[in-house]
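Peer 1: Submitted below is the structure of interest, expressed as C-alpha cells.
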Protein chains: 2
Amino acid sequence: MDALIESLWMTVSTILSPHGPPTQAGAASYAPSDFSIHFFLQLAVIILACRTVGWLGTRYMGQPQVVGEMIAGVVLGPSLFGLVAPDIQAAIFPKETKNILYVGAQLGVALYMFLVGLTLRLDHVRSKVRSAASVSAAGILVPFLIATIITPPLTRIPGLFATDIPLPSATLFMGACIALTAFPMLARIINERGLASSPLGTLSLTAGAFDDAASWCVLAIVLATCGGGSGVATLAIGGGVIYVSFLLLFGRRLLAPLGRAVEARGGMSMTVLAVTLMLLCLSAFIMDAIGIHGIFGGFILGVFMPRGRFADELKNKVEPVTVVLLLPMFFTYSGLNTRLDTVNSPSLLLIAFGIFIASVIAKFGACYLAARLCGEDNRTALGVGILMNSRGLMELIIINIGLQKGIIGAPLFSMLVLMAVTTTMMAGPLLDKFYKQENAKDGMP
Amino acid sequence: MDALIESLWMTVSTILSPHGPPTQAGAASYAPSDFSIHFFLQLAVIILACRTVGWLGTRYMGQPQVVGEMIAGVVLGPSLFGLVAPDIQAAIFPKETKNILYVGAQLGVALYMFLVGLTLRLDHVRSKVRSAASVSAAGILVPFLIATIITPPLTRIPGLFATDIPLPSATLFMGACIALTAFPMLARIINERGLASSPLGTLSLTAGAFDDAASWCVLAIVLATCGGGSGVATLAIGGGVIYVSFLLLFGRRLLAPLGRAVEARGGMSMTVLAVTLMLLCLSAFIMDAIGIHGIFGGFILGVFMPRGRFADELKNKVEPVTVVLLLPMFFTYSGLNTRLDTVNSPSLLLIAFGIFIASVIAKFGACYLAARLCGEDNRTALGVGILMNSRGLMELIIINIGLQKGIIGAPLFSMLVLMAVTTTMMAGPLLDKFYKQENAKDGMP
C-alpha cells in the first residue's frame with residue numbers, strides 16, 4: 001500500500017516538477033506551460049481549501065465565510081500543510097510560482113478594495129452626529145495611543161520590526177493595524193441583519209468608515225516615509241497628494257459620464273466595464289509607481305466612482321470572480337508567508353497575547369465607552385464595540401503590505417495574523433450573545 | 001520639447017526598470033512588487049488598446065469587437081509598437097513579466113472555452129438533417145484534404161514547421177487550423193440577428209459545432225503524438241480517453257446537483273460558483289498534466305455542465321471579467337509572439353497569401369457547395385459559407401498552442417495570424433452584402 005502511494009506520488013511529482021526538485025531549479029528553467037500547470041492545480045487546491053474551511057466555520061461555528069478563508073490560507077502555508085507534508089506542499093506551491101500567486105493576489109485585492117471604496121459612504125451620520133463622532137474619534141485615537149505605549153518595547157525585541165525603521169513610523173504602523181475595522185464585513189453584517197437604519201447600524205457604519213479611511217491614510221504616510229531616501233518620500237507624499245487632490249477636484253465630474261452611460265442604456269455595456277477596469281489598473285499602477293501601494297489606487301478610485309445603478313451593476317459583474325477566484329489567492333499568499341513556528345517561545349506567545357489584548361481594549365473598549373458616554377444604551381454600545389473590533393481581511397491586507405515593504409518581520413506578522421483571525425472570530429458569537437439575545441427580548445426577529 | 005519628453009521618459013523608465021534595462025536583469029532580480037507594477041500598467045495598456053482598436057473597427061468598419069482585439073494584440077507586439085518604439089515597448093512588456101501574462105491568458109482562455117462548451121448545443125439539427133450533415137462533413141473533410149496537399153511543400157520550407165515533426169502530424173495540425181470555425185462568434189452573430197431558427201442559423205450552428213469539436217479532437221491527437229517519446233503519447237491519449245469517457249458516463253449525473261442547487265435557491269450562490277470554478281481548474285490541470293492542453297479541460301467540462309438557469313447565471317457572473325480583463329491578455333500574449341517581420345520576402349508573402357486562399361476555398365467554398373448540393377437556396381448557402389469561414393479567436397488559440405508546443409515556427413504562426421484576422425474580417429461585410437441585402441428584399445428587418 002505504501003509502495004503504491006509512493007509510486008503514485010512519484011508520478012504526480014514528476015509531472016509537477018519536470019526539471020527535478022523545485023528547490024534546485026530556478027524560475028528561469030520553467031517553461032510557460034510549467035507555470036500554467038502549477039497555476040491551475042494551485043487554484044483548484046486554494047478554492048477547495050477556502051470553501052471547505054469556510055463551510056466548516058459557517059456550519060459549525062457560526063463564522064462568516066471570510067474567517068474560514070483567512071484560516072484556510074494559513075492552513076495551506078508552512079504552518080500546517082508545509083509542516084505535515086513538506087514535499088507535497090513544496091511540489092504544489094514551489095517558490096518559482098510565488099510571483100504569479102502574488103500578482104493574482106494583488107489584482108484580487110485591488111479589485112476588492114475598489115469595491116470597498118465603491119460601497120463606502122461617509123453620509124450615514126444623520127441623527128447620531130455626536131455619538132458617531134465620539135465613537136470614530138475614540139476608535140482612532142485610543143489605538144494610536146496604545147500603539148505609542150506598546151511599540152517602543154516591541155521594537156527592542158529583535159526580528160519584530162525592521163532594524164532601521166524610525167520609532168514614529170513603527171508606532172504609526174502599529175496604530176493603523178489596531179485601528180483598522182473590517183468595514184466591508186461590518187457593512188455586510190449590518191445589511192444582512194437589516195440594521196442599516198438602527199442606532200447600531202448608523203453608528204458603526206459611520207465610525208467604521210472614518211476609522212478605516214484614517215488608518216489607510218496613516219499607512220500611506222508610513223509607506224511614503226519608509227521607502228528609502230528623501231527623494232522616495234517626496235515622490236510618494238507629493239504624488240499621493242497630487243493624485244488625491246486631482247480626484248477630489250475633478251474625480252466625480254470626470255467619472256460621472258460612466259454612470260450616465262449606464263443609466264441611459266439601462267445596463268452596463270462591456271465598454272463601460274472595460275473603461276472602468278482600465279482606470280482601476282491605471283490608478284493602481286500610479287500608486288504602485290510612486291511608492292505607496294497599488295491597492296490604494298483601487299480604493300481611492302472606488303470612492304469617487306458614480307453610485308446608483310452603475311455601482312450596483314459593477315458589483316454584480318466584478319464581485320463574483322474577485323471573491324471566489326482572486327481573493328483566495330491573496331489569503332493563500334498571505335498564508336504562505338505566515339510562519340506560526342516563529343512564535344515559538346513562551347515569551348513570544350505572551351507578546352502575541354499582549355498585542356491581542358491591547359487591540360481589543362483599544363478598539364472594543366474605547367468604542368463601547370465612547371458610545372456609552374454619549375448616552376447610547378448598553379446593548380447598542382456593546383454591538384458597536386464588537387463590530388468595530390473585527391478586523392478581518394483588511395488587517396491581513398495591511399500587514400502583508402508591512403511585511404512586503406520590510407516594515408515588520410515574520411514573527412510580528414504571524415502575531416498580527418493571529419490577532420486578525422481572533423478578533424474577527426469573536427464578532428459573530430459575541431454579537432449573537434449580547435445583541436441578538438436582547439433583540440429577541442424586544443420581540444423582533 | 002524633445003528634451004522634456006526625454007526627461008519624462010527617463011523618469012518613467014526608471015520607475016519601470018529599477019534594476020536597469022530589462023534585457024540585462026533576469027526575472028530573479030525582480031521583487032514581487034516589480035511584477036505587480038508592470039502587471040497593472042500592462043493591463044491598463046492592454047485594455048485601452050483592445051477597446052480603442054475594437055471601437056475603431058466597430059465604428060468605421062462594421063467589424064465585431066473581437067476583430068479589433070485580435071489586431072490590438074498584434075499592434076502591441078513587435079510587429080508595430082515594438083518596431084516604432086522598441087524602448088517603450090520593452091519597458092512596458094519586459095521579457096521577465098511574460099510568464100505572468102501567459103498565465104493570465106491561460107486562465108482567460110480556459111474560462112472562455114469553458115463558456116463556449118457551456119453554450120455548445122449539438123441538438124440544433126431538427127429539420128435540416130441532410131444539409132447539416134453535408135455541410136459539417138464538407139467543412140471538416142475538405143480542409144483536411146487541402147491540408148494534405150499544401151502541407152508537404154510547406155514542411156520543406158525551413159522554419160515553418162519544427163524539423164522533427166512527422167508529416168502526418170503537421171498535416172493534421174494544418175487541417176485543424178483550416179477547419180476551425182469561430183463557433184462562439186458565429187453563435188453570437190446568429191443570435192444577435194435573430195436567425196437562430198432560420199435555415200441559415202440551424203445549418204451554421206450545427207455544422208460549426210461539429211467541425212469545431214472535430215478540430216479540437218484532432219488537435220488533441222496531434223498534441224498527444226508530438227510530445228516526445230511513446231510514453232508521453234500513451235499518457236496523453238490514454239489519459240484523454242479515460243477522462244472523456246469518465247465525463248461521458250458520469251459527467252452529467254455528477255454535475256447535475258450544481259444545476260439543481262441553482263434552481264432550488266433561485267440563484268447561484270458563491271459556493272456553487274466556487275465549486276464550478278474549482279472543477280474547471282482541476283479539469284484544466286488534468287489536461288495540462290497529461291500533456292494535451294489546459295483549455296481542453298475547460299471546454300470539455302463546459303460541455304457536460306448543467307444548462308438552463310445554472311448556465312445563464314454562470315455566464316453572467318464569469319463572462320464580464322473574462323472578456324474584458326482576461327482575454328485581452330491572451331490577445332496581447334499572442335500578439336507579442338506575432339512577428340510579421342518574419343514574413344519578409346516576396347516568396348513568404350506569396351505563401352501567406354496561398355494559405356489564406358486555400359483556407360477560404362476549403363471552408364467557404366466547400367460549405368457553400370455542400371449547402372447548394374443539398375438544395376439550399378443561393379442566399380442561405382452563401383451565408384453558411386461566410387459564417388463557417390470566420391475563424392476568429394479560436395484560430396488564435398489553436399496556433400498559439402502550436403507555437404508553444406513547438407509544432408510550428410514564428411513565420412508560419414504569423415501567416416496563420418494573418419489568415420485568422422482576414423477570414424474573420426471578411427465575415428461581417430460579406431454577410432451584410434450577400435445576406436442582409438436579400439433579406440431586405442424579403443421585407444424583413
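To be explicit about the labels: the chains of the C-alpha cells are called A, B, and onward in the order shown, and within each one the residues are counted from 1, while ligands get numbers from 1 in the order they are shown.
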Quick one: contact table of stretch 145-248 of chain B to stretch 351-357 of chain B, 12 Å max, nearest atom pair and distance in Å to one decimal per residue, counting only C-alpha atoms, chain and number order, as JSON lines?
Peer 2:
```
{"residue": "B:Ile146", "atom": "CA", "partner": "B:Ile355", "partner_atom": "CA", "distance": 10.0}
{"residue": "B:Ala147", "atom": "CA", "partner": "B:Ile355", "partner_atom": "CA", "distance": 9.6}
{"residue": "B:Ile149", "atom": "CA", "partner": "B:Ile355", "partner_atom": "CA", "distance": 11.3}
{"residue": "B:Ile150", "atom": "CA", "partner": "B:Ile355", "partner_atom": "CA", "distance": 8.1}
{"residue": "B:Thr151", "atom": "CA", "partner": "B:Ile355", "partner_atom": "CA", "distance": 9.9}
{"residue": "B:Pro153", "atom": "CA", "partner": "B:Ile351", "partner_atom": "CA", "distance": 10.3}
{"residue": "B:Leu154", "atom": "CA", "partner": "B:Ile351", "partner_atom": "CA", "distance": 8.5}
{"residue": "B:Ile157", "atom": "CA", "partner": "B:Ile351", "partner_atom": "CA", "distance": 10.1}
{"residue": "B:Leu160", "atom": "CA", "partner": "B:Ile351", "partner_atom": "CA", "distance": 10.6}
{"residue": "B:Met174", "atom": "CA", "partner": "B:Ile355", "partner_atom": "CA", "distance": 9.8}
{"residue": "B:Gly175", "atom": "CA", "partner": "B:Ile355", "partner_atom": "CA", "distance": 11.4}
{"residue": "B:Cys177", "atom": "CA", "partner": "B:Ile355", "partner_atom": "CA", "distance": 10.6}
{"residue": "B:Ile178", "atom": "CA", "partner": "B:Ile355", "partner_atom": "CA", "distance": 9.0}
```
Peer 1: For chain A, report every residue with an atom at most 6 Å from chain B (counting only C-alpha atoms), formatted as a list in words.
Peer 2: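 The contacting residues on chain A are Pro32, Ser36, Ile37, Phe40, Leu41, Ala44, Ile47, Asn99, Ile100, Val103, Ala274, Met278, Cys281, Leu282, Phe285, Asp288, Lys317 and Val324 of chain A.
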Peer 1: Residues near A:Pro158, anyone? I mean within 10 Å using only C-alpha atoms, not counting same-chain ones fewer than 4 positions away, as a ChimeraX atom specification.
Peer 2: /A:154,162-163,409,411
Peer 1: Would you put the residues from that selection into a file with N, CA and C atoms, as a compact mmCIF listing (two decimals), in the first residue's frame?
Peer 2:
```
# COMPACT_ATOMS: atom_id res chain seq x y z
N LEU A 154 8.28 46.76 21.87
CA LEU A 154 8.28 45.77 20.79
C LEU A 154 9.49 45.96 19.87
N ALA A 162 11.73 45.97 11.35
CA ALA A 162 12.98 46.19 10.63
C ALA A 162 13.91 46.98 11.53
N THR A 163 15.21 46.69 11.44
CA THR A 163 16.16 47.33 12.36
C THR A 163 16.27 48.84 12.12
N GLY A 409 8.76 42.05 10.62
CA GLY A 409 9.35 40.75 10.32
C GLY A 409 8.33 39.63 10.44
N PRO A 411 7.92 37.11 12.60
CA PRO A 411 7.23 36.81 13.87
C PRO A 411 6.09 37.79 14.17
```
Peer 1: Might you pull out every residue within 6 Å of stretch 385-392 of chain A, with only C-alpha atoms counted and same-chain residues fewer than 3 positions away left off, and present them as a PyMOL selection string?
Peer 2: chain A and resi 181-182+363-364+367-368+382+395+420+423-424+427
Peer 1: Given the choices B:Ala179, B:Val303, B:Ala133, B:Leu219, which gets closest to B:Met113 if the distance is worked out from only C-alpha atoms?
Peer 2: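 Checking each of B:Ala179, B:Val303, B:Ala133, B:Leu219 against B:Met113, counting only C-alpha atoms, the winner is B:Val303.
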Peer 1: What lies within 8 Å of A:Leu247 using only C-alpha atoms, ignoring chain neighbours under 4 positions off, as a count of residues only?
Peer 2: 5
Peer 1: Identify, with DSSP run on backbone atoms, the residues in stretch 136-309 of chain A assigned to helix (DSSP H, G or I), and express the list as a VMD selection string.
Peer 2: chain A and resid 136 to 155 167 to 179 183 to 192 199 to 226 230 to 265 270 to 289 294 to 304 309
Peer 1: At a cut-off of 9 Å, using only C-alpha atoms, what residues contact stretch 65-76 of chain B? Leave out same-chain residues fewer than 2 positions from it and give the result as a PyMOL selection string.
Peer 2: chain B and resi 45-46+49-58+63+78-82+89+185+328-340+392-393+396+417+420-421+424-425
Peer 1: Give me, as a CSV table (one decimal) with C-alpha atoms, in the first residue's frame, all polymer residues having an atom no more than 8 Å from A:Ile237, counting only C-alpha atoms and skipping those fewer than 3 positions away in the same chain.
Peer 2:
```csv
chain,number,residue,atom,x,y,z
A,221,ILE,CA,2.2,58.1,5.2
A,224,ALA,CA,5.9,57.1,2.0
A,233,ALA,CA,9.4,60.0,0.3
A,234,THR,CA,8.9,63.2,-1.7
A,240,GLY,CA,-0.1,60.9,-3.4
A,241,VAL,CA,-1.3,64.4,-2.5
```
